[in-house]
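See below for the structure under consideration.
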Amino acid sequence: MAQPAWEHDPQPLPLDSAPLPEYGAGSLADLLPTLAAGMGVPGMTAAISELAPADRNCVFLIDGLGWEQLKAHPEDAPFMTSLLASSRGGTGRPLTTGYPATTATSLASVGTGLPPGAHGLPGYTVRNPATGELMNQLRWQPWTAPGPWQPYPTVFRRAHDAGVHAAQVSSPAFENTPLTKVALSGGTFHGRLSGEERMDLAAEQLAAGDRSLVYTYYAEVDGAGHRFGVDSDLWRGQLMYVDRLVQRLAEHLPPRTALYVTADHGMVDVPFDEQHRIDFDEDWELRAGVALLGGEGRARHVYAVPGAGNDVLTCWREVLGEQFWVASRDEAIAAGWFGPRIDERVYGRLGDVIAAARDDVLIIASEREPKESAMVGNHGSMTPAEQLVPLLEVRT
């Protein structure tokens, strides 16, 4: 006999059921150190054992193109689909992004070769312990001195210092942003507006050195997913376009080159109803004892008023615990969500409570975050749809 609804005792998701990123062996943070080690850059470790060294390496990062989304649309991406078996050194396996699966965090992981707990960009928005304010790490608002926020040298800089020709080819709008400075600086930056121009210049930059490390980027797959969803005609159109870009670059690679096509996260569409979109601004239980709400809908940092941390954790587990992995800061650290270590300067940036979605749900904030709350496609958590990204390979 079924249990009456009013007698149901919700059981929080066990934290050890969260699928952890493969830090140290198969995460985005391991990619550039592996490539740089293969080019003889001092201090770099070839952590992704499946990848063979190359003299020239190119990373093409497609914002928002998760492994599961690519596999679900073979007719829209025939060239990348033909490369699926090449992923991760011919194993046909994906990489993991790191937690949270969001652009600022992932780009910092790629560029520094460090997991989030070390590089210190552990979310879309996090509290700045020095000011008590929320800091948007994608838009870098309010402005914060980049060097102290992320003090480690990028892999590009270390490669450049070791005599490798290092270059980034991206939108001119990104050349002088703080995020570029802390995550992707080193070597030369080349701004080009069109995707075709970026592909052609990336190939030229690869040929410019006997040892080369080149990074290029395309954003609009992510933009279409956020606005229209990852199965919309406009998203499919972007996927078709970027598939042609990958093929264009692959056909113009110089000799002794390895091209790696990857992404910063995947994405899930979340229905627009109260069951799937829980509005923090309208929920008095979730707001009780909360001073600041950080992160994003599927990966929340919750900052409690002094002394209320345990009460907030208990409440969030009771309200959300069957749909979200809900952990205290120390539990999330111990579970390895942000990597094997947390730098002291990063500890206070993490929420007192951290909530990562398992189901197709969001914690929106309709008044505080109206634009983010209106997005169709979302990401951030540890589900395969968000966490798994391709590492497609072409060699010459």
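So you can find residues: chains in the structure tokens are A, B, ... in the order shown, residues in each start at 1, and ligands are numbered from 1 in order.
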
Determine, counting only C-alpha atoms, which protein, DNA and RNA residues have an atom within 7 Å of an atom of Ala203 of chain A; residues of the same chain fewer than 4 positions away are not included. Present the result as a PyMOL selection string.
chain A and resi 199+207+249+252-254

Take the residues from that selection and write them out as a PDB file, in the first residue's frame, keeping N, CA and C atoms.
```
ATOM      1  N   MET A 199      39.388  30.821 -37.313  1.00  0.00           N
ATOM      2  CA  MET A 199      39.933  29.523 -37.693  1.00  0.00           C
ATOM      3  C   MET A 199      41.194  29.696 -38.546  1.00  0.00           C
ATOM      4  N   ALA A 207      51.372  27.561 -37.146  1.00  0.00           N
ATOM      5  CA  ALA A 207      52.527  27.406 -38.020  1.00  0.00           C
ATOM      6  C   ALA A 207      53.644  28.387 -37.693  1.00  0.00           C
ATOM      7  N   LEU A 249      39.051  24.560 -39.687  1.00  0.00           N
ATOM      8  CA  LEU A 249      40.314  24.581 -38.975  1.00  0.00           C
ATOM      9  C   LEU A 249      41.079  23.279 -39.181  1.00  0.00           C
ATOM     10  N   HIS A 252      43.089  23.000 -42.340  1.00  0.00           N
ATOM     11  CA  HIS A 252      44.178  23.951 -42.558  1.00  0.00           C
ATOM     12  C   HIS A 252      45.284  23.844 -41.501  1.00  0.00           C
ATOM     13  N   LEU A 253      45.310  22.762 -40.755  1.00  0.00           N
ATOM     14  CA  LEU A 253      46.325  22.607 -39.732  1.00  0.00           C
ATOM     15  C   LEU A 253      47.698  22.402 -40.356  1.00  0.00           C
ATOM     16  N   PRO A 254      48.734  23.015 -39.793  1.00  0.00           N
ATOM     17  CA  PRO A 254      50.091  22.730 -40.275  1.00  0.00           C
ATOM     18  C   PRO A 254      50.558  21.352 -39.805  1.00  0.00           C
TER      19      PRO A 254
END
```

For Thr154 of chain A: contacts at 12 Å, only C-alpha atoms, fewer than 4 positions along chain excluded, given as a ChimeraX atom specification
/A:29,32-33,36,44,107-114,119,147,150,158-161,166,179-187

List the spatial neighbours of Asp343 of chain A as a list in words - criterion: any atom at most 8 Å away, only C-alpha atoms, same-chain residues fewer than 4 positions off excluded.
Gly117, Ala118, Gly120 and Tyr347 of chain A

Can you write out the residues you just picked, keeping N, CA, C and O atoms, as a short mmCIF file (atom, residue, chain, number, x, y, z; two decimals), in the first residue's frame?
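Result file again-v6.cif:
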```cif
data_model
loop_
_atom_site.label_atom_id
_atom_site.label_comp_id
_atom_site.auth_asym_id
_atom_site.auth_seq_id
_atom_site.Cartn_x
_atom_site.Cartn_y
_atom_site.Cartn_z
N GLY A 117 39.15 25.04 -6.63
CA GLY A 117 39.56 25.32 -5.26
C GLY A 117 40.91 26.00 -5.16
O GLY A 117 41.22 26.63 -4.15
N ALA A 118 41.71 25.90 -6.20
CA ALA A 118 43.02 26.55 -6.23
C ALA A 118 42.97 27.88 -6.99
O ALA A 118 43.44 28.90 -6.49
N GLY A 120 40.40 29.73 -7.69
CA GLY A 120 39.60 30.67 -6.92
C GLY A 120 38.45 31.32 -7.63
O GLY A 120 37.91 32.32 -7.14
N TYR A 347 38.57 29.86 0.50
CA TYR A 347 37.64 29.22 1.44
C TYR A 347 36.41 30.09 1.68
O TYR A 347 35.26 29.61 1.61
#
```

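Among A:Ser381, A:Thr34, A:Ser17, A:Thr216, the residue with the shortest atom-to-atom distance to Ala299 of chain A, counting only C-alpha atoms, is A:Ser381.
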
Determine which residues of segment 245-394 of chain A DSSP labels as strand (DSSP E or B) from the backbone of this structure, then write them out as a PyMOL selection string.
chain A and resi 257-262+268-269+277-279+290-296+299-304+324-328+353-357+362-364+377-378+388-389+392-394

Looking at only C-alpha atoms, which of A:Pro384, A:Pro255, A:Pro74, A:Gly123 is the one that sits closest to His301 of chain A?
A:Gly123

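Ranking A:Trp337, A:Tyr303, A:Trp149, A:Tyr241 by their shortest atom-to-atom distance to Phe79 of chain A, with only C-alpha atoms included, puts A:Tyr241 first.
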
Residues within 10 Å of Arg127 of chain A, only C-alpha atoms, excluding chain neighbours under 4 positions, as number ranges by chain:
A: 123, 131-136, 292-295, 301-303, 346, 348-351

Could the residues in this selection be saved with N, CA and C atoms as a CSV table (one decimal), in the first residue's frame?
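File written: result_28.csv
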```csv
chain,number,residue,atom,x,y,z
A,123,GLY,N,32.5,29.7,-9.1
A,123,GLY,CA,31.1,29.9,-9.3
A,123,GLY,C,30.8,31.1,-10.2
A,131,THR,N,35.0,42.3,1.1
A,131,THR,CA,33.9,43.3,1.0
A,131,THR,C,32.6,42.8,1.5
A,132,GLY,N,32.4,41.5,1.5
A,132,GLY,CA,31.0,41.0,1.8
A,132,GLY,C,30.1,41.1,0.7
A,133,GLU,N,30.5,41.5,-0.5
A,133,GLU,CA,29.6,41.6,-1.6
A,133,GLU,C,29.7,40.4,-2.5
A,134,LEU,N,28.6,40.2,-3.3
A,134,LEU,CA,28.7,39.2,-4.4
A,134,LEU,C,29.5,39.7,-5.5
A,135,MET,N,30.4,38.9,-6.0
A,135,MET,CA,31.3,39.2,-7.1
A,135,MET,C,30.9,38.3,-8.3
A,136,ASN,N,30.5,38.9,-9.4
A,136,ASN,CA,30.2,38.2,-10.7
A,136,ASN,C,31.5,38.0,-11.4
A,292,LEU,N,23.1,36.3,1.6
A,292,LEU,CA,23.4,36.4,0.2
A,292,LEU,C,23.1,35.1,-0.6
A,293,LEU,N,22.6,35.2,-1.8
A,293,LEU,CA,22.4,34.1,-2.6
A,293,LEU,C,23.3,34.2,-3.8
A,294,GLY,N,24.3,33.3,-3.9
A,294,GLY,CA,25.3,33.3,-5.0
A,294,GLY,C,25.1,32.2,-6.0
A,295,GLY,N,26.1,32.0,-6.8
A,295,GLY,CA,26.1,30.9,-7.8
A,295,GLY,C,25.1,31.2,-8.9
A,301,HIS,N,25.6,29.0,-4.3
A,301,HIS,CA,26.3,29.3,-3.1
A,301,HIS,C,25.4,30.1,-2.2
A,302,VAL,N,25.2,29.6,-1.0
A,302,VAL,CA,24.2,30.2,0.0
A,302,VAL,C,25.0,30.7,1.2
A,303,TYR,N,25.0,32.0,1.4
A,303,TYR,CA,25.8,32.6,2.5
A,303,TYR,C,24.8,33.0,3.6
A,346,VAL,N,40.5,31.2,-1.0
A,346,VAL,CA,39.2,30.7,-1.7
A,346,VAL,C,38.2,30.3,-0.7
A,348,GLY,N,36.6,31.4,2.0
A,348,GLY,CA,35.5,32.2,2.3
A,348,GLY,C,34.6,32.6,1.1
A,349,ARG,N,35.1,32.3,-0.1
A,349,ARG,CA,34.3,32.5,-1.3
A,349,ARG,C,33.2,31.5,-1.5
A,350,LEU,N,33.4,30.3,-0.9
A,350,LEU,CA,32.4,29.2,-1.0
A,350,LEU,C,31.2,29.5,-0.1
A,351,GLY,N,30.0,29.1,-0.5
A,351,GLY,CA,28.9,29.3,0.3
A,351,GLY,C,28.9,28.5,1.6
```

Could you make a table, as CSV, of the residues of segment 156-268 of chain A that have an atom within 7 Å of an atom of segment 49-60 of chain A, each with its nearest atom pair and distance in Å to one decimal, counting only C-alpha atoms, in chain and number order?
```
residue,atom,partner,partner_atom,distance
A:Leu206,CA,A:Arg56,CA,6.2
A:Asp210,CA,A:Asp55,CA,6.7
A:Arg211,CA,A:Asp55,CA,4.9
A:Ser212,CA,A:Arg56,CA,4.5
A:Leu213,CA,A:Asn57,CA,5.0
A:Val214,CA,A:Cys58,CA,4.7
A:Tyr215,CA,A:Val59,CA,4.8
A:Thr216,CA,A:Phe60,CA,4.9
A:Tyr217,CA,A:Phe60,CA,5.7
A:Arg256,CA,A:Asp55,CA,5.9
A:Thr257,CA,A:Arg56,CA,4.5
A:Ala258,CA,A:Asn57,CA,4.9
A:Leu259,CA,A:Cys58,CA,4.7
A:Tyr260,CA,A:Val59,CA,4.9
A:Val261,CA,A:Phe60,CA,4.8
A:Thr262,CA,A:Phe60,CA,6.3
```

Using only N, CA and C atoms, please write the residues we just selected to a file, as a CSV table (one decimal), in the first residue's frame.
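The resulting file, selection_7.csv, is reproduced below:
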```
chain,number,residue,atom,x,y,z
A,206,LEU,N,49.5,28.5,-35.4
A,206,LEU,CA,50.1,27.2,-35.1
A,206,LEU,C,51.4,27.1,-35.9
A,210,ASP,N,58.0,26.4,-34.1
A,210,ASP,CA,58.2,25.0,-34.1
A,210,ASP,C,57.5,24.2,-33.0
A,211,ARG,N,57.3,25.0,-31.9
A,211,ARG,CA,56.4,24.5,-30.8
A,211,ARG,C,55.4,25.6,-30.6
A,212,SER,N,54.1,25.3,-30.7
A,212,SER,CA,53.0,26.3,-30.6
A,212,SER,C,51.9,25.8,-29.7
A,213,LEU,N,51.3,26.7,-29.0
A,213,LEU,CA,50.1,26.4,-28.2
A,213,LEU,C,49.1,27.5,-28.5
A,214,VAL,N,48.0,27.2,-29.1
A,214,VAL,CA,47.1,28.2,-29.6
A,214,VAL,C,45.7,27.8,-29.1
A,215,TYR,N,45.0,28.8,-28.6
A,215,TYR,CA,43.6,28.7,-28.1
A,215,TYR,C,42.7,29.6,-28.9
A,216,THR,N,41.5,29.0,-29.3
A,216,THR,CA,40.5,29.8,-29.9
A,216,THR,C,39.1,29.4,-29.4
A,217,TYR,N,38.1,30.2,-29.6
A,217,TYR,CA,36.9,30.2,-28.8
A,217,TYR,C,35.7,30.7,-29.7
A,256,ARG,N,52.5,18.3,-37.9
A,256,ARG,CA,52.9,18.1,-36.5
A,256,ARG,C,52.0,18.8,-35.5
A,257,THR,N,50.7,18.8,-35.8
A,257,THR,CA,49.7,19.5,-35.0
A,257,THR,C,48.7,18.5,-34.4
A,258,ALA,N,48.3,18.8,-33.2
A,258,ALA,CA,47.1,18.1,-32.6
A,258,ALA,C,46.1,19.2,-32.3
A,259,LEU,N,44.9,19.1,-32.9
A,259,LEU,CA,43.7,19.9,-32.6
A,259,LEU,C,42.8,19.2,-31.6
A,260,TYR,N,42.4,19.9,-30.5
A,260,TYR,CA,41.5,19.4,-29.6
A,260,TYR,C,40.3,20.3,-29.5
A,261,VAL,N,39.1,19.7,-29.7
A,261,VAL,CA,37.8,20.5,-29.7
A,261,VAL,C,37.1,20.1,-28.4
A,262,THR,N,36.9,21.1,-27.6
A,262,THR,CA,36.3,20.8,-26.3
A,262,THR,C,35.3,21.9,-25.9
```

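Comparing the minimum interatomic distances between Pro178 of chain A and each of A:Tyr99, A:Ala104, A:Gln238, A:Val155, counting only C-alpha atoms, we find that A:Ala104 sits nearest.
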